[in-house]
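**Student:** Contents of run.txt (compact mmCIF, C-alpha atoms) are below:
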# COMPACT_ATOMS: atom_id res chain seq x y z
CA MET A 1 -8.83 -9.25 9.73
CA ARG A 2 -8.39 -11.88 7.04
CA THR A 3 -10.44 -11.90 3.86
CA PRO A 4 -10.45 -14.46 1.03
CA ARG A 5 -8.01 -14.14 -1.85
CA ARG A 6 -9.32 -12.32 -4.89
CA ARG A 7 -10.97 -14.44 -7.55
CA THR A 8 -10.20 -13.94 -11.23
CA THR A 9 -13.02 -11.97 -12.95
CA LEU A 10 -14.25 -9.79 -16.04
CA ILE A 11 -16.86 -6.87 -17.38
CA ALA A 12 -19.89 -6.36 -19.95
CA ALA A 13 -22.20 -3.31 -21.31
CA THR A 14 -24.29 -1.94 -24.27
CA THR A 15 -21.72 -0.41 -26.66
CA VAL A 16 -18.56 -1.86 -28.19
CA ALA A 17 -15.21 -0.05 -28.19
CA LEU A 18 -12.26 -1.00 -30.36
CA LEU A 19 -8.56 -0.47 -30.08
CA ALA A 20 -7.60 -0.27 -33.77
CA THR A 21 -3.91 0.23 -34.56
CA GLY A 22 -3.47 1.60 -31.10
CA THR A 23 -6.34 4.12 -31.01
CA LEU A 24 -9.39 3.73 -28.76
CA THR A 25 -12.61 3.99 -30.77
CA ALA A 26 -16.21 3.44 -29.64
CA VAL A 27 -18.94 1.90 -31.79
CA ALA A 28 -22.58 1.02 -31.16
CA ALA A 29 -23.80 -2.56 -30.83
CA HIS A 30 -27.37 -3.45 -31.76
CA ALA A 31 -27.80 -6.71 -29.86
CA ALA A 32 -30.09 -9.60 -30.65
CA PRO A 33 -33.03 -10.17 -28.28
CA GLY A 34 -31.80 -11.53 -24.98
CA CYS A 35 -28.63 -9.55 -24.35
CA ALA A 36 -26.50 -6.54 -25.21
CA VAL A 37 -22.78 -6.24 -24.60
CA SER A 38 -20.37 -3.32 -24.26
CA TYR A 39 -16.64 -3.99 -24.64
CA THR A 40 -14.21 -1.14 -23.97
CA VAL A 41 -10.44 -0.88 -23.79
CA GLY A 42 -9.69 1.47 -20.92
CA GLY A 43 -5.96 1.74 -21.58
CA GLN A 44 -3.07 -0.01 -23.31
CA TRP A 45 0.68 -0.14 -22.92
CA GLN A 46 3.57 -2.19 -24.32
CA SER A 47 2.25 -5.79 -24.55
CA GLY A 48 -0.73 -5.16 -22.26
CA PHE A 49 -4.19 -3.61 -22.06
CA THR A 50 -7.18 -3.29 -19.74
CA GLY A 51 -10.65 -4.37 -20.86
CA ASN A 52 -14.06 -3.60 -19.40
CA ILE A 53 -17.28 -5.45 -20.26
CA THR A 54 -20.91 -4.81 -19.33
CA ILE A 55 -23.71 -7.28 -20.05
CA THR A 56 -27.28 -5.98 -20.22
CA ASN A 57 -29.99 -8.63 -19.91
CA LEU A 58 -32.79 -8.08 -22.44
CA GLY A 59 -34.46 -11.46 -21.86
CA ASP A 60 -35.81 -13.41 -18.92
CA PRO A 61 -34.17 -12.90 -15.50
CA LEU A 62 -30.86 -14.72 -15.09
CA SER A 63 -29.82 -16.70 -12.04
CA GLY A 64 -26.34 -17.21 -13.48
CA TRP A 65 -24.49 -16.20 -16.63
CA SER A 66 -21.64 -17.25 -18.88
CA LEU A 67 -20.23 -14.83 -21.46
CA ARG A 68 -18.15 -16.13 -24.37
CA TRP A 69 -16.18 -14.37 -27.10
CA SER A 70 -13.16 -14.96 -29.34
CA TYR A 71 -10.09 -12.89 -30.15
CA SER A 72 -8.74 -12.66 -33.70
CA ALA A 73 -5.23 -11.31 -33.07
CA GLY A 74 -3.85 -13.62 -30.39
CA GLN A 75 -4.91 -11.57 -27.36
CA THR A 76 -5.02 -13.29 -23.98
CA VAL A 77 -6.93 -12.44 -20.81
CA SER A 78 -5.54 -12.52 -17.26
CA ASP A 79 -6.03 -10.94 -13.84
CA ALA A 80 -9.76 -10.30 -14.12
CA TRP A 81 -12.18 -9.08 -11.46
CA ASN A 82 -15.90 -9.61 -10.74
CA ALA A 83 -16.05 -12.82 -12.85
CA THR A 84 -14.18 -16.09 -13.28
CA VAL A 85 -12.36 -16.37 -16.59
CA ALA A 86 -10.92 -19.23 -18.63
CA GLN A 87 -9.34 -19.16 -22.08
CA SER A 88 -8.84 -21.99 -24.56
CA GLY A 89 -7.04 -20.92 -27.71
CA SER A 90 -8.74 -17.74 -28.93
CA THR A 91 -12.00 -18.40 -27.03
CA VAL A 92 -12.58 -16.71 -23.68
CA THR A 93 -15.33 -17.70 -21.24
CA ALA A 94 -16.28 -15.52 -18.27
CA THR A 95 -18.78 -16.71 -15.66
CA ASN A 96 -20.37 -14.95 -12.72
CA VAL A 97 -19.07 -15.14 -9.18
CA GLY A 98 -21.31 -15.70 -6.16
CA TYR A 99 -22.57 -12.17 -5.63
CA ASN A 100 -23.37 -11.11 -9.22
CA GLY A 101 -25.09 -14.09 -10.85
CA SER A 102 -28.64 -12.76 -10.63
CA VAL A 103 -29.45 -10.23 -13.37
CA PRO A 104 -33.07 -9.07 -13.77
CA THR A 105 -34.65 -8.20 -17.10
CA GLY A 106 -33.19 -4.83 -18.08
CA GLY A 107 -30.44 -5.15 -15.50
CA SER A 108 -26.71 -5.20 -16.17
CA VAL A 109 -23.53 -6.61 -14.67
CA SER A 110 -19.92 -5.57 -15.23
CA PHE A 111 -16.42 -6.95 -14.89
CA GLY A 112 -12.90 -6.05 -16.01
CA PHE A 113 -9.57 -7.64 -16.83
CA ASN A 114 -5.99 -7.16 -17.88
CA GLY A 115 -4.77 -8.80 -21.08
CA THR A 116 -1.90 -9.04 -23.53
CA TRP A 117 -1.74 -8.08 -27.20
CA ASN A 118 0.84 -8.16 -29.98
CA ASN A 119 1.68 -4.41 -30.02
CA SER A 120 0.40 -4.19 -33.59
CA SER A 121 -3.37 -4.59 -33.55
CA ASN A 122 -5.92 -5.24 -30.84
CA PRO A 123 -9.31 -5.59 -32.55
CA ALA A 124 -12.44 -5.93 -30.47
CA PRO A 125 -14.34 -9.22 -30.54
CA THR A 126 -16.95 -9.37 -33.31
CA SER A 127 -19.62 -11.20 -31.29
CA PHE A 128 -20.57 -12.38 -27.81
CA THR A 129 -22.88 -15.05 -26.43
CA VAL A 130 -24.56 -15.03 -23.01
CA ASN A 131 -25.73 -18.50 -21.95
CA GLY A 132 -25.67 -19.49 -25.61
CA VAL A 133 -27.66 -16.47 -26.87
CA THR A 134 -25.73 -14.46 -29.47
CA CYS A 135 -25.44 -10.70 -28.91
CA THR A 136 -24.39 -9.32 -32.29
CA GLY A 137 -23.46 -5.78 -33.31
CA SER A 138 -21.30 -3.72 -35.59
CA THR A 139 -17.62 -3.50 -34.80
CA ALA A 140 -16.56 -1.05 -37.49
CA PRO A 141 -14.72 1.92 -35.96
CA THR A 142 -16.47 5.26 -36.17
CA GLY A 143 -13.31 7.03 -37.31
CA ALA A 144 -9.80 6.36 -38.43
CA PRO A 145 -7.10 6.18 -35.78
CA THR A 146 -5.25 9.45 -35.32
CA THR A 147 -2.46 8.67 -32.87
CA PRO A 148 0.00 5.79 -32.39
CA PRO A 149 -0.18 3.63 -29.26
CA SER A 150 1.48 4.95 -26.14
CA ALA A 151 3.92 2.94 -24.07
CA THR A 152 1.83 3.74 -21.00
CA PRO A 153 -1.85 4.64 -20.59
CA PRO A 154 -2.62 8.36 -20.34
CA PRO A 155 -3.93 9.96 -17.15
CA MET A 156 -7.64 9.43 -16.65
CA THR A 157 -8.69 13.10 -16.37
CA PRO A 158 -7.16 16.46 -15.49
CA PRO A 159 -6.66 17.06 -11.78
CA ALA A 160 -9.31 18.79 -9.77
CA THR A 161 -8.59 22.22 -8.43
CA THR A 162 -8.25 22.13 -4.65
CA PRO A 163 -8.11 25.02 -2.21
CA PRO A 164 -4.78 26.00 -0.68
CA PRO A 165 -3.71 23.90 2.30
CA SER A 166 -4.07 25.24 5.80
CA VAL A 167 -1.01 23.28 7.00
CA PRO A 168 2.27 22.26 5.32
CA GLN A 169 2.15 19.23 3.04
CA THR A 170 4.04 17.09 5.57
CA GLY A 171 1.75 18.15 8.41
CA LEU A 172 -1.68 16.76 9.16
CA VAL A 173 -3.94 16.73 6.08
CA GLY A 174 -7.10 14.82 5.36
CA TRP A 175 -9.96 13.31 7.30
CA ALA A 176 -8.14 13.51 10.65
CA THR A 177 -8.38 17.32 10.42
CA GLN A 178 -12.19 17.07 10.58
CA ASN A 179 -14.52 16.43 13.54
CA GLY A 180 -12.58 18.84 15.75
CA GLY A 181 -9.13 17.80 14.53
CA THR A 182 -6.48 15.44 15.88
CA THR A 183 -3.94 16.68 18.42
CA GLY A 184 -2.99 13.53 20.34
CA GLY A 185 -1.31 14.32 23.62
CA GLY A 186 -0.93 17.97 22.65
CA SER A 187 1.46 19.87 24.90
CA ALA A 188 1.60 17.23 27.63
CA GLY A 189 5.04 16.42 28.97
CA ALA A 190 6.91 13.62 27.20
CA THR A 191 7.64 10.23 28.77
CA THR A 192 10.35 8.06 27.21
CA VAL A 193 9.92 4.27 27.29
CA SER A 194 12.37 1.54 26.28
CA THR A 195 10.78 -1.68 27.58
CA ALA A 196 7.60 -3.56 26.72
CA SER A 197 6.15 -3.16 30.20
CA ALA A 198 6.77 0.60 30.29
CA LEU A 199 5.32 1.02 26.81
CA THR A 200 2.22 -1.01 27.70
CA SER A 201 1.58 1.04 30.83
CA ALA A 202 2.10 4.38 29.12
CA LEU A 203 -0.18 3.58 26.19
CA ASN A 204 -2.97 2.32 28.44
CA ALA A 205 -2.88 5.15 30.98
CA THR A 206 -5.71 7.65 31.23
CA GLY A 207 -5.17 11.31 30.37
CA ALA A 208 -3.25 13.13 27.68
CA ALA A 209 0.35 12.04 27.14
CA VAL A 210 3.26 12.25 24.71
CA ILE A 211 5.10 8.92 24.67
CA ARG A 212 8.56 8.62 23.14
CA VAL A 213 9.79 5.17 22.19
CA SER A 214 13.53 4.55 22.41
CA GLY A 215 15.48 1.60 21.01
CA THR A 216 14.01 -1.77 20.03
CA ILE A 217 11.11 -3.10 22.07
CA ASN A 218 10.23 -6.80 21.79
CA CYS A 219 6.64 -7.53 22.72
CA SER A 220 3.67 -9.74 21.87
CA GLY A 221 -0.05 -9.40 21.18
CA MET A 222 -1.82 -6.06 20.77
CA LEU A 223 -1.10 -3.10 23.07
CA ARG A 224 -4.10 -0.86 23.84
CA VAL A 225 -3.66 2.85 23.04
CA ARG A 226 -6.05 5.09 24.98
CA SER A 227 -7.42 8.49 23.99
CA ASN A 228 -5.34 11.67 23.73
CA LYS A 229 -1.99 10.03 23.10
CA THR A 230 0.88 10.98 20.84
CA VAL A 231 3.33 8.10 20.28
CA LEU A 232 6.62 9.18 18.70
CA GLY A 233 9.64 7.12 17.77
CA ASN A 234 13.07 8.45 18.62
CA ALA A 235 15.75 7.74 16.00
CA GLY A 236 15.74 4.02 15.19
CA ALA A 237 12.76 3.18 17.44
CA THR A 238 11.42 -0.27 16.53
CA ILE A 239 8.48 -2.37 17.70
CA VAL A 240 9.07 -6.09 17.14
CA GLY A 241 6.46 -8.83 17.55
CA CYS A 242 3.40 -6.84 18.63
CA GLY A 243 1.03 -4.15 17.42
CA PHE A 244 -1.07 -1.25 18.67
CA THR A 245 -4.87 -1.26 18.91
CA VAL A 246 -7.06 1.83 19.22
CA ASN A 247 -10.34 0.34 20.38
CA GLY A 248 -13.14 2.87 20.76
CA ASP A 249 -10.78 5.66 21.81
CA ARG A 250 -10.12 8.95 20.01
CA ASN A 251 -7.48 11.56 19.27
CA VAL A 252 -4.39 9.38 18.79
CA ILE A 253 -1.20 10.11 16.81
CA ILE A 254 1.36 7.39 15.92
CA ARG A 255 4.50 8.61 14.12
CA ASN A 256 8.07 7.70 13.20
CA LEU A 257 8.07 4.05 14.33
CA THR A 258 9.29 0.90 12.63
CA PHE A 259 7.02 -2.13 13.09
CA ARG A 260 8.35 -5.60 12.28
CA ASN A 261 7.17 -9.20 12.66
CA TRP A 262 3.87 -8.41 14.39
CA SER A 263 1.67 -11.42 15.22
CA ASP A 264 -1.75 -9.85 14.48
CA ASP A 265 -1.99 -6.31 13.04
CA ALA A 266 0.67 -3.62 13.32
CA VAL A 267 -1.95 -0.91 13.93
CA ASN A 268 -5.61 -1.79 14.45
CA VAL A 269 -8.28 0.95 14.64
CA GLU A 270 -11.75 -0.28 15.56
CA SER A 271 -15.01 0.06 17.51
CA SER A 272 -15.89 3.63 16.46
CA ALA A 273 -12.43 5.04 17.20
CA THR A 274 -12.14 8.56 15.75
CA ASN A 275 -9.53 11.16 14.87
CA ILE A 276 -6.46 9.01 14.34
CA TRP A 277 -3.27 10.04 12.50
CA ILE A 278 -0.78 7.32 11.47
CA ASP A 279 2.23 8.98 9.86
CA HIS A 280 5.83 8.30 8.76
CA ASN A 281 6.03 4.72 9.96
CA THR A 282 7.73 1.72 8.35
CA PHE A 283 6.06 -1.72 8.27
CA SER A 284 7.52 -5.06 7.18
CA ASN A 285 7.20 -8.83 7.58
CA GLY A 286 4.05 -8.93 9.70
CA TYR A 287 1.32 -11.52 9.99
CA ASP A 288 -1.86 -9.63 9.05
CA GLY A 289 -2.62 -5.98 8.28
CA THR A 290 -0.22 -3.06 8.64
CA VAL A 291 -3.05 -0.58 9.30
CA ASP A 292 -6.55 -2.07 9.53
CA ILE A 293 -9.49 0.27 10.20
CA LYS A 294 -12.93 -1.15 10.94
CA ARG A 295 -16.17 -1.34 12.95
CA GLY A 296 -17.44 2.20 12.46
CA SER A 297 -14.15 4.04 12.98
CA ASP A 298 -13.90 7.45 11.33
CA PHE A 299 -11.81 10.57 10.61
CA VAL A 300 -8.47 8.86 10.02
CA THR A 301 -5.39 9.95 8.03
CA VAL A 302 -2.74 7.41 7.01
CA SER A 303 0.21 9.31 5.52
CA TRP A 304 3.87 8.99 4.51
CA ASN A 305 4.22 5.35 5.58
CA ARG A 306 6.35 2.72 3.84
CA VAL A 307 5.29 -0.94 3.56
CA TYR A 308 7.63 -3.58 2.17
CA SER A 309 8.12 -7.38 2.37
CA HIS A 310 4.48 -7.76 3.31
CA ASP A 311 1.28 -9.22 1.85
CA LYS A 312 -1.99 -7.79 3.26
CA THR A 313 -1.50 -4.08 3.77
CA MET A 314 -4.42 -1.81 4.66
CA LEU A 315 -7.96 -3.10 5.16
CA LEU A 316 -10.79 -0.59 5.56
CA GLY A 317 -13.95 -2.33 6.76
CA HIS A 318 -13.60 -5.92 7.95
CA SER A 319 -16.82 -7.63 6.85
CA ASP A 320 -19.50 -7.47 4.16
CA ASP A 321 -22.07 -7.99 6.93
CA ASN A 322 -21.13 -4.93 8.98
CA GLY A 323 -22.83 -2.22 6.94
CA GLY A 324 -25.14 -1.25 9.79
CA GLN A 325 -22.17 0.00 11.80
CA ASP A 326 -19.89 1.09 8.95
CA ILE A 327 -22.12 3.03 6.54
CA GLY A 328 -21.65 6.76 7.10
CA HIS A 329 -18.25 6.14 8.72
CA LEU A 330 -14.86 4.69 7.65
CA ARG A 331 -13.80 8.02 6.14
CA VAL A 332 -10.05 7.77 5.66
CA THR A 333 -7.33 9.65 3.74
CA TYR A 334 -4.34 7.67 2.41
CA HIS A 335 -1.66 9.96 1.02
CA HIS A 336 2.06 9.85 0.21
CA ASN A 337 2.41 6.23 1.29
CA TRP A 338 4.99 4.00 -0.37
CA TYR A 339 3.45 0.62 -1.20
CA ASP A 340 6.82 -0.96 -1.91
CA GLY A 341 6.03 -4.43 -3.28
CA SER A 342 3.20 -4.88 -0.77
CA LYS A 343 1.01 -7.45 -2.44
CA GLN A 344 -2.60 -6.38 -1.91
CA ARG A 345 -5.07 -4.17 0.05
CA ASN A 346 -3.40 -0.87 -0.72
CA PRO A 347 -6.14 -0.25 0.49
CA ARG A 348 -9.13 -2.63 0.21
CA VAL A 349 -12.24 -0.60 1.04
CA ARG A 350 -15.76 -1.46 2.22
CA PHE A 351 -18.60 1.05 2.81
CA GLY A 352 -16.53 4.24 3.44
CA ASN A 353 -17.44 7.25 1.25
CA PRO A 354 -15.52 9.31 0.43
CA VAL A 355 -12.22 7.53 0.92
CA HIS A 356 -9.35 9.58 -0.52
CA VAL A 357 -6.30 7.80 -1.97
CA TYR A 358 -3.93 10.41 -3.37
CA ASN A 359 -0.25 10.93 -4.19
CA ASN A 360 0.82 7.42 -3.17
CA TYR A 361 3.63 5.50 -4.88
CA TYR A 362 2.78 1.94 -5.93
CA TYR A 363 5.69 -0.26 -6.93
CA ASN A 364 5.76 -3.94 -7.96
CA ASN A 365 2.46 -4.80 -6.25
CA ALA A 366 1.90 -8.38 -7.38
CA GLY A 367 -1.76 -8.62 -6.34
CA TYR A 368 -3.53 -5.29 -6.76
CA GLY A 369 -3.44 -1.67 -5.69
CA VAL A 370 -6.87 -0.36 -4.65
CA ALA A 371 -10.18 -2.25 -4.42
CA SER A 372 -13.51 -0.48 -3.87
CA THR A 373 -16.22 -2.84 -2.61
CA MET A 374 -19.60 -2.94 -0.86
CA SER A 375 -20.91 0.46 -2.01
CA ALA A 376 -17.77 2.30 -0.92
CA GLY A 377 -16.78 5.51 -2.70
CA VAL A 378 -13.05 5.86 -3.40
CA LEU A 379 -11.26 8.75 -5.11
CA VAL A 380 -7.93 7.51 -6.55
CA GLU A 381 -6.06 10.69 -7.44
CA GLY A 382 -2.57 11.72 -8.49
CA ASN A 383 -0.90 8.40 -7.68
CA TYR A 384 2.18 6.91 -9.37
CA PHE A 385 1.81 3.23 -10.42
CA GLU A 386 4.94 1.38 -11.54
CA ASN A 387 4.96 -2.31 -12.52
CA VAL A 388 1.49 -2.86 -11.07
CA LYS A 389 -0.55 -5.26 -13.20
CA ASP A 390 -3.88 -4.51 -11.44
CA THR A 391 -3.90 -0.88 -10.31
CA TYR A 392 -7.50 -0.49 -9.07
CA HIS A 393 -10.80 -2.25 -9.52
CA LEU A 394 -14.39 -2.68 -8.29
CA GLY A 395 -15.35 -5.63 -6.12
CA GLU A 396 -12.96 -8.11 -4.52
CA ALA A 397 -13.32 -11.83 -3.76
CA ASP A 398 -16.94 -12.28 -2.53
CA SER A 399 -17.45 -8.55 -1.88
CA GLY A 400 -19.65 -6.70 -4.36
CA PRO A 401 -18.45 -3.58 -6.17
CA GLY A 402 -18.25 -0.07 -4.80
CA SER A 403 -17.68 3.14 -6.73
CA LEU A 404 -14.27 4.42 -7.80
CA VAL A 405 -13.30 7.65 -9.53
CA ALA A 406 -9.73 7.90 -10.85
CA ARG A 407 -8.07 11.07 -12.09
CA ASN A 408 -4.62 12.43 -12.84
CA ASN A 409 -2.77 9.19 -12.08
CA HIS A 410 0.61 8.32 -13.65
CA PHE A 411 1.30 4.84 -15.08
CA VAL A 412 4.61 3.15 -15.82
CA ASN A 413 4.28 -0.40 -17.16
CA SER A 414 0.87 -0.45 -15.48
CA PRO A 415 -2.71 -0.22 -16.78
CA ALA A 416 -5.40 2.24 -15.93
CA GLY A 417 -7.83 0.28 -13.79
CA GLN A 418 -11.58 -0.17 -13.51
CA THR A 419 -13.76 2.78 -12.54
CA GLY A 420 -17.47 3.35 -12.07
CA GLY A 421 -20.09 5.23 -10.11
CA SER A 422 -19.66 8.47 -8.21
CA VAL A 423 -17.88 9.47 -5.02
CA ALA A 424 -18.88 12.08 -2.43
CA GLY A 425 -16.95 15.36 -2.34
CA ILE A 426 -13.75 15.87 -0.36
CA PRO A 427 -14.45 18.44 2.40
CA TYR A 428 -10.92 19.41 3.45
CA PRO A 429 -8.15 21.44 1.76
CA TYR A 430 -5.15 19.63 0.31
CA THR A 431 -2.35 20.17 -2.18
CA LEU A 432 -2.13 17.63 -5.01
CA ASP A 433 1.44 16.97 -6.15
CA ASN A 434 1.98 16.34 -9.84
CA ALA A 435 1.55 12.60 -10.31
CA SER A 436 4.74 12.24 -12.37
CA SER A 437 6.74 13.65 -9.42
CA VAL A 438 5.18 11.41 -6.77
CA LYS A 439 7.80 8.64 -7.04
CA SER A 440 10.67 10.97 -6.19
CA ILE A 441 8.69 12.83 -3.53
CA VAL A 442 7.47 9.73 -1.72
CA THR A 443 10.67 7.69 -1.85
CA ALA A 444 12.53 10.67 -0.40
CA GLY A 445 10.06 11.26 2.40
CA ALA A 446 8.04 8.18 3.36
CA GLY A 447 8.79 5.89 6.28
CA ALA A 448 10.36 6.19 9.72
CA GLY A 449 13.50 8.27 10.12
CA ARG A 450 12.51 10.87 7.52
CA ILE A 451 11.20 13.48 9.95
CA SER A 452 12.36 15.12 13.17
CA VAL A 453 9.87 14.73 16.00
Let me see the structure of the file written as structure tokens.
**Tutor:**
Amino acid sequence: MRTPRRRTTLIAATTVALLATGTLTAVAAHAAPGCAVSYTVGGQWQSGFTGNITITNLGDPLSGWSLRWSYSAGQTVSDAWNATVAQSGSTVTATNVGYNGSVPTGGSVSFGFNGTWNNSSNPAPTSFTVNGVTCTGSTAPTGAPTTPPSATPPPMTPPATTPPPSVPQTGLVGWATQNGGTTGGGSAGATTVSTASALTSALNATGAAVIRVSGTINCSGMLRVRSNKTVLGNAGATIVGCGFTVNGDRNVIIRNLTFRNWSDDAVNVESSATNIWIDHNTFSNGYDGTVDIKRGSDFVTVSWNRVYSHDKTMLLGHSDDNGGQDIGHLRVTYHHNWYDGSKQRNPRVRFGNPVHVYNNYYYNNAGYGVASTMSAGVLVEGNYFENVKDTYHLGEADSGPGSLVARNNHFVNSPAGQTGGSVAGIPYPYTLDNASSVKSIVTAGAGAGRISV
């Protein structure tokens, strides 16, 4: 399912935080009548930093807003979210996007951004205006800096303690273990297919089945996968030109396949499909999503997959207007996936809560890593981000913000992203690998051909 490209945007709130000589320091702002602003630096690294802003409206209700401030040390703003930003010289102007222009009296609105600094000083702005009304406040730091700047932002918080796993780390973990579990075709006898017609018939047949794919199969469109199926790739098994759709069915496993050049989605899960495990596959050069999950589907694990040479990766929830079907569903675990230069939607989440994104390796993602939108709740935990300019944020394009909690992530030439709100608890056992080891673990194990099935 296509969604619009992300618009550039920014954040605002009721306290001001400074980054003075490399140390994050918070100070209070006593705003003039009409508005109050909070400016925080969430993380900084060599030449870059992440800013968060919250505007609180203390005057009449707003139907639209424009926030303006100036930098004194040559900082620039780029890659913002939840606002549209422009900069002329030292002056930055952020304006609302379609969904967050209305701010009642006493209400607030937030946005965030990435920026650049001179690696020497990064002072906070001294004043802000909202629609021409000045919001003034002190910007003196509350204490002297105590540590030099780090080349990369620190982890957000210590990892949570999780119970011991009930299965090995490379076995089934996550949401697909719930709701009775996911067994696919179970112990049914295996059928090997090597042509498009044989594959189509086997996938669409009734009853439990284990289907082995051999060689390269050229096909078109979307092939329906019925309930109680395990689809396994023999060594080198490749699907070219088509994808799989699980439409309202349940208990499906798809493992160890290479998908290439699909014309719609590589794997589409929709219409209240449940208990799906998509594991150790490789995806590249397709048209739309690699794994899109939507329309009330639930209890899905997406694990140990590699995506490269591809734009729109993993969409969870297809439309802002589908909350009636999606709320209370779309519970998905994404773990140990290798987002290898995949541009965006790694994943992009609507409505699902909790969605668990842990121990994935993000590398050279030019768009963004994770987006939480439309009241979703996403836990981003123990991931390794390398050369990712926008690691995670709230809201995306015309979709309003969700909640996102980040903890124990590892950053290399990447900022800590935007967080906010709370996320429901994770109900299943799992083992959290040390985030600094995730790159080596995932690159050694993710993708087709890394397991014996």
**Student:** Using only C-alpha atoms, which residues sit within 9 Å of Gly59 in chain A once same-chain residues fewer than 5 positions away are excluded, as JSON, numbers by chain?
**Tutor:** {"A": [33, 34, 35, 104, 105, 106]}
**Student:** Rounded to one decimal place, report the CA of Arg306 in chain A-CA of Val442 in chain A distance in Å.
**Tutor:**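 These atoms are spaced 9.0 Å apart.
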**Student:** So that I can check the surroundings of range 398-402 of chain A, please list as a list of chain:residue names every protein, DNA and RNA residue that reaches within 6 Å of it, counting all atoms listed in the file and ignoring chain neighbours fewer than 3 positions away.
**Tutor:** A:Ser372, A:Thr373, A:Met374, A:Ser375, A:Ala376, A:Leu394, A:Gly395
**Student:** Give the answer as one residue: which of A:Ile293, A:Asn218, A:Thr301, A:Ser110 has the shortest atom-to-atom distance to Arg260 in chain A, using only C-alpha atoms?
**Tutor:** A:Asn218
**Student:** Which residues, written as a ChimeraX atom specification, have at least one atom at most 8 Å from His356 in chain A, with all atoms listed in the file counted and residues fewer than 3 positions away on the same chain left out?
**Tutor:** /A:332-335,378-381,426
**Student:** Using all atoms listed in the file, which residue out of A:Ser102, A:Ser403, A:Ser121, A:Ser436 lies closest to Phe385 in chain A?
**Tutor:** A:Ser436
**Student:** Enter the distance from CA of Leu330 in chain A to CA of Ala237 in chain A, in Å, rounded to one decimal.
**Tutor:**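 Straight-line distance from CA of Leu330 in chain A to CA of Ala237 in chain A works out to 29.3 Å.
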**Student:** Hey, can you check how far CA of Phe113 in chain A sits from CA of Gly51 in chain A?
**Tutor:**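 Computing the Euclidean distance for CA of Phe113 in chain A and CA of Gly51 in chain A yields 5.3 Å.
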**Student:** Could you tell me which of A:Leu203, A:Ile217, A:Cys135, A:Val355 comes closest to Leu58 in chain A if we count only C-alpha atoms?
**Tutor:** A:Cys135
**Student:** Applying 10 Å and only C-alpha atoms, which residues near Asp249 in chain A remain after dropping the ones on its own chain fewer than 4 positions away? List them as number ranges by chain.
**Tutor:** A: 224-229, 245, 269-276, 297
**Student:** Excluding Val193 in chain A and residues on its chain fewer than 3 positions from it, collect all residues at most 12 Å away from it, counting only C-alpha atoms, and give them as a list in words.
**Tutor:**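 Result of the neighbour search: Ala190, Ala196, Ser197, Ala198, Leu199, Thr200, Ser201, Ala202, Leu203, Val210, Ile211, Arg212, Val213, Ser214, Gly215, Thr216, Ile217, Val231, Leu232, Gly233, Asn234, Ala237, Thr238 and Ile239 of chain A.
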**Student:** Please return the centre and edge lengths, in Å to one decimal, of a box with edges along x, y and z that contains all listed atoms of range 257-276 of chain A, widened by 5 Å on every side, as AutoDock Vina command-line options.
**Tutor:**
--center_x -3.3 --center_y -0.1 --center_z 14.9 --size_x 35.2 --size_y 32.6 --size_z 15.2
**Student:** Which residue gives the smallest distance to His410 in chain A among A:Gly248, A:Lys389, A:Gly382, A:Asn100, with only C-alpha atoms counted?
**Tutor:**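 Between A:Gly248, A:Lys389, A:Gly382, A:Asn100, the residue approaching His410 in chain A most closely is A:Gly382.
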**Student:** Missing atoms in range 266-272 of chain A should be modelled up to N, CA, C and O atoms and reported as a PDB file, in the coordinates of the input.
**Tutor:**
ATOM      1  N   ALA A 266      -0.274  -4.604  12.793  1.00  0.00           N
ATOM      2  CA  ALA A 266       0.670  -3.620  13.320  1.00  0.00           C
ATOM      3  C   ALA A 266      -0.077  -2.488  14.011  1.00  0.00           C
ATOM      4  O   ALA A 266       0.237  -2.108  15.137  1.00  0.00           O
ATOM      5  N   VAL A 267      -1.077  -1.927  13.336  1.00  0.00           N
ATOM      6  CA  VAL A 267      -1.950  -0.910  13.930  1.00  0.00           C
ATOM      7  C   VAL A 267      -3.385  -1.298  13.585  1.00  0.00           C
ATOM      8  O   VAL A 267      -3.726  -1.460  12.407  1.00  0.00           O
ATOM      9  N   ASN A 268      -4.209  -1.438  14.612  1.00  0.00           N
ATOM     10  CA  ASN A 268      -5.610  -1.790  14.450  1.00  0.00           C
ATOM     11  C   ASN A 268      -6.469  -0.662  15.023  1.00  0.00           C
ATOM     12  O   ASN A 268      -6.284  -0.259  16.172  1.00  0.00           O
ATOM     13  N   VAL A 269      -7.378  -0.130  14.212  1.00  0.00           N
ATOM     14  CA  VAL A 269      -8.280   0.950  14.640  1.00  0.00           C
ATOM     15  C   VAL A 269      -9.692   0.412  14.525  1.00  0.00           C
ATOM     16  O   VAL A 269     -10.130   0.060  13.421  1.00  0.00           O
ATOM     17  N   GLU A 270     -10.434   0.350  15.637  1.00  0.00           N
ATOM     18  CA  GLU A 270     -11.750  -0.280  15.560  1.00  0.00           C
ATOM     19  C   GLU A 270     -12.709   0.274  16.616  1.00  0.00           C
ATOM     20  O   GLU A 270     -12.357   1.117  17.435  1.00  0.00           O
ATOM     21  N   SER A 271     -13.958  -0.220  16.535  1.00  0.00           N
ATOM     22  CA  SER A 271     -15.010   0.060  17.510  1.00  0.00           C
ATOM     23  C   SER A 271     -15.271   1.555  17.661  1.00  0.00           C
ATOM     24  O   SER A 271     -15.252   2.114  18.758  1.00  0.00           O
ATOM     25  N   SER A 272     -15.525   2.211  16.508  1.00  0.00           N
ATOM     26  CA  SER A 272     -15.890   3.630  16.460  1.00  0.00           C
ATOM     27  C   SER A 272     -14.800   4.554  16.987  1.00  0.00           C
ATOM     28  O   SER A 272     -15.081   5.657  17.475  1.00  0.00           O
TER      29      SER A 272
END
